[in-house]
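Notes for the one structure printed next.
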Amino acid sequence: MNFETWFKEKHPGIPPRSAAAVLALGAEGATVPFIARYRKEATGGLDEVAVLAILDAKETWDEVVKRQTFVTGEIEAQGKLTPELKARLLATFDLATLEDLYLPYKKKRKTKAVIAREAGLQPLADWLWDVGQGGAVSEAPEAKAGAFLNPEAGFAEVPAVLQGAVEILVERLSETEELRQHVRREAFERGGLSSGKGEEPKAASKYEMYFEFRDSVASLLKPEASHRYLAMRRGWLEKELTLSLGDAPKHPGFEERLLAEFERAAGAGAATPAQPFLKKAARFALKAHVLLSIEAEVHKALKDVADEAAIHVFAENVRKVLLAAPFGPKAVLGVDPGLRTGCKLAVVDGSGKYVASTVIHLQGDESRERARRTLVESVRTAAIRCVAVGNGTGGREAEAFVREALREAGLDVPVVLVNESGASIYSASDTAREEFPDLDLTIRGAISIARRLQDPLAELVKVDPKSIGVGQYQHDVSPHALKKKLDIVVDSAVNQVGVNLNTASPHLLAHVSGIGPALGKAIVARRETKGLFSARPELLEVPRFSKKTFEQAAGFLRIAGGENPLDNTGVHPERYEALETFAAGLGKKVADLVGPGVALVKGSKGLKETLGAFTFDDVVKELEKPGRDPREGFVPFSFLDGVNQVSDLKEGMVCPGIVTNVTNFGAFVDVGVHQDGLVHISQLSSTRFVKDPSEVVSPGDRVQVKVLTVDLPRQRISLTMRLGEPAAPPAPRPAGPRTSPPMPAPRPAPPAPGVDRRWAGLTGLKK
């Protein structure tokens, strides 16, 4: 089998020619955003998801082929590679099966079976096996074993000799591929995972629902249920839970079925003199070897699926946060709230440049009056267009004070609570020190809060995505896989929006296709020494900025007001000549094709043939709205007045909120009380069954929620978006171990009520 055939089986929806084109472009150094955006003619219009799937599949294929080559070479070096075995190895593309085939030939440490074999007990083991398979019985096993005594090797007595023979049989059974495959199938298809109370359960444990819990492996392998496994695994690591592989709720007798199969394979069913020894070998092989190995595989598979699901949820949440609506290039006053040390104020101008800062205190009438005067003066002097208040401790109090002060002064300036997750990490980072070496940490934080309102994407790229606060079990998943996925998401978001070449920070430029951190800094250095860029080709003046890098990056970089109007669009420079020729043929200039002039382009069949259908459509969209920002428009948002802490919430209260995090089991919503409330998946909609919460809500969505319950001691808030009906009481807990309920089939329905996707400008996750 070759890669093309294997890939077609795995991804039947992707044409082989498209896959081949992606691999060829990747081998030439093309990035995923570049391939998906500017090589649609070659790939057939594949998006980034499909391009990544192809590149990831090739990595997996290479890994399997590498392992095949190694295993084949190892067995051949032992002189045991038969043509039949070689053919089977080279036809196996499942790593678990490949390892099963390799197991009998794998170099072993000095096991009990190896010691017994070195002591000459292999013939006795073969005799016991043959008896079980129906061979002639010449004498009792004890008498037969007497001929194999070997005191020097540690086998001075008959029981020890027979036990050595059993160890050899245990190895034989545990290395039998068919038996391992049978256990694997049973475990994954009809096995279950049970959790119980561990060694160190805590009072009011958050794992209480898993103290008596059982679910099938097949169910837990579904992405929508995989978060349960991560919760169980975390409880096990913290010694509050035990975990074991065994019966599934609908398939009891798991180990009994497996043991029967091992005894059948060992020939332990017939009443022969060898039966007790064969039964013992079967039991040991299953429980002490194969079952432990397969259980590890089950846990790995569950972890892999759960990691992938959690990382996917985290990545999509990060994408939504990065692509939140920007307030735009207007002067903003950032407020980093503080009850004891005061609120830090920082003014940034429309370009995001730091202007000035101060501190105000809100404790005491005299201090509040001074703070009011300082605030109003700052807003008037700096022509502030919006005030951004961080949502940390004291944020709601600061927001209320600012709003009241501006209203009393007759200033119609919106006040917005802004998610400050990760701002403290940024403030103490090398990046912040490089930007503002002479400023205090808290002032840096206020600047970051203001900039997050202006352009969330441009500011959040300076923060480790894991610190944005929208993950699901992000501390439990593979750090390498999480970083890889989040890096892809950040790069994708940056290139989707495009970057202003003359204002972007080196951190933002670093995520542009083909650029990276070093060239990002070099571009900024060139701006500082030679002035702003007036045309895209000037990028080639930047040291180490090659023609290949220009090809990958130029289309994602924008120059507003430059020499060529196309430089402020997503049209790639490689298409300029075709557009210039087309414009000249009409007696026009390229500038005449931009905006309303795009009507001249839309009907041109000749230009469409020249550019290709996919590229032509993209060019038309770019010419229609040059410099367009694909993000939604900004709309200010405010929480319910008088609701500032958890104790202010009452059951039945309806509040506006902002979705801060979406998980497989529901969505967390900020209602302005420094603690997010949970809308369980069952409470997301009253008109449709919700299988995936991300189909209903996203981080940044404005929603209306009703308070179901408030647990003050635990600071837990339960919310619902089912506003038009009373909440159903929770179902009584059934007797016996808990099991997962069956998932009802999804049914089509209109969008859930209470969600307005235009309100995507803000997010807030309280710690």
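Residues in the structure tokens are named by chain (A, B, ... in the order shown) and by number from 1 within that chain; ligands are numbered from 1 in the order shown.
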Practice prompt. Determine, counting only C-alpha atoms, which protein, DNA and RNA residues have an atom within 8 Å of an atom of A:Arg722; residues of the same chain fewer than 6 positions away are not included. Present the result as a ChimeraX atom specification.
Written response: /A:683-686,705-706,753
Item to complete: Return as a list in words the full set of residues in stretch 123-266 of chain A whose backbone-based DSSP assignment is strand (DSSP E).
Response: Gly191, Gly192, Leu193, Ser194, Ser195, Gly196, Lys197, Glu212, Phe213, Arg214, Asp215, Ser216, Leu241, Thr242, Leu243, Ser244, Leu245, Gly246 and Asp247 of chain A
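Counting only C-alpha atoms, stretch 334-351 of chain A has the following residues at most 7 Å away, ignoring those fewer than 5 positions along the same chain: Pro329, Ala356, Ser357, Thr358, Val359, Ile360, His361, Leu362, Val387, Ala388, Val389, Gly390, Gly392, Thr393, Gly394, Gly395, Ala398, Thr442, Ile443, Gly445, Ala446, Ile447, Ile449 and Ala450 of chain A.
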Residue subset to file, keeping C-alpha atoms, as a PDB file, in the first residue's frame:
ATOM      1  CA  PRO A 329      -7.713  53.072  16.386  1.00  0.00           C
ATOM      2  CA  ALA A 356       0.421  59.138  30.184  1.00  0.00           C
ATOM      3  CA  SER A 357      -0.583  57.442  33.425  1.00  0.00           C
ATOM      4  CA  THR A 358      -1.677  58.113  36.971  1.00  0.00           C
ATOM      5  CA  VAL A 359      -3.230  56.447  40.013  1.00  0.00           C
ATOM      6  CA  ILE A 360      -6.582  57.168  41.661  1.00  0.00           C
ATOM      7  CA  HIS A 361      -7.948  55.867  44.969  1.00  0.00           C
ATOM      8  CA  LEU A 362     -11.609  55.077  45.576  1.00  0.00           C
ATOM      9  CA  VAL A 387     -12.719  53.692  28.985  1.00  0.00           C
ATOM     10  CA  ALA A 388     -11.549  50.073  29.344  1.00  0.00           C
ATOM     11  CA  VAL A 389     -11.737  48.669  32.872  1.00  0.00           C
ATOM     12  CA  GLY A 390     -10.040  45.379  33.736  1.00  0.00           C
ATOM     13  CA  GLY A 392     -10.143  41.609  37.985  1.00  0.00           C
ATOM     14  CA  THR A 393     -10.711  42.206  41.689  1.00  0.00           C
ATOM     15  CA  GLY A 394     -12.465  45.532  42.164  1.00  0.00           C
ATOM     16  CA  GLY A 395     -13.304  45.760  38.464  1.00  0.00           C
ATOM     17  CA  ALA A 398     -14.228  50.671  39.412  1.00  0.00           C
ATOM     18  CA  THR A 442       0.601  47.802  37.097  1.00  0.00           C
ATOM     19  CA  ILE A 443       0.863  50.645  34.565  1.00  0.00           C
ATOM     20  CA  GLY A 445      -1.218  46.187  32.838  1.00  0.00           C
ATOM     21  CA  ALA A 446      -3.433  49.244  32.352  1.00  0.00           C
ATOM     22  CA  ILE A 447      -1.838  49.864  28.945  1.00  0.00           C
ATOM     23  CA  ILE A 449      -6.120  46.520  29.032  1.00  0.00           C
ATOM     24  CA  ALA A 450      -6.599  49.620  26.883  1.00  0.00           C
TER      25      ALA A 450
END
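Distances from A:His507, A:Lys144, A:Lys106, A:Arg214 to A:Leu243 were compared using only C-alpha atoms, and the smallest one belongs to A:Arg214.
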Practice prompt. Identify, on the basis of only C-alpha atoms, every residue whose closest approach to stretch 52-59 of chain A does not exceed 7 Å; exclude the query and any residue fewer than 2 positions from it along the same chain; express the result as a ChimeraX atom specification.
Written response: /A:19,23,32,48-50,61-63
Write out, as JSON lines, each residue of stretch 657-677 of chain A that has an atom at most 12 Å from stretch 294-310 of chain A, together with the closest pair of atoms and their distance in Å to one decimal, counting only C-alpha atoms, rows going by chain and rising number.
{"residue": "A:Val662", "atom": "CA", "partner": "A:Ala310", "partner_atom": "CA", "distance": 10.4}
{"residue": "A:Thr663", "atom": "CA", "partner": "A:Ala310", "partner_atom": "CA", "distance": 7.9}
{"residue": "A:Asn664", "atom": "CA", "partner": "A:Ala310", "partner_atom": "CA", "distance": 8.0}
{"residue": "A:Phe665", "atom": "CA", "partner": "A:Ala310", "partner_atom": "CA", "distance": 11.1}
Those same residues, written as a PDB file, in the first residue's frame with N, CA and C atoms?
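Saved to out.pdb:
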ATOM      1  N   VAL A 662     -16.239  27.980  26.554  1.00  0.00           N
ATOM      2  CA  VAL A 662     -17.150  26.935  26.085  1.00  0.00           C
ATOM      3  C   VAL A 662     -16.438  25.599  26.216  1.00  0.00           C
ATOM      4  N   THR A 663     -17.102  24.638  26.856  1.00  0.00           N
ATOM      5  CA  THR A 663     -16.527  23.315  27.057  1.00  0.00           C
ATOM      6  C   THR A 663     -17.471  22.276  26.479  1.00  0.00           C
ATOM      7  N   ASN A 664     -17.084  21.010  26.568  1.00  0.00           N
ATOM      8  CA  ASN A 664     -17.953  19.948  26.068  1.00  0.00           C
ATOM      9  C   ASN A 664     -19.204  19.775  26.910  1.00  0.00           C
ATOM     10  N   PHE A 665     -19.174  20.261  28.160  1.00  0.00           N
ATOM     11  CA  PHE A 665     -20.316  20.045  29.035  1.00  0.00           C
ATOM     12  C   PHE A 665     -21.147  21.308  29.261  1.00  0.00           C
TER      13      PHE A 665
END
Worksheet entry | Among the residues A:Gly666, A:Pro656, A:Pro201, A:Gly612, the one that comes closest to A:Glu41 [using only C-alpha atoms] | A:Gly612
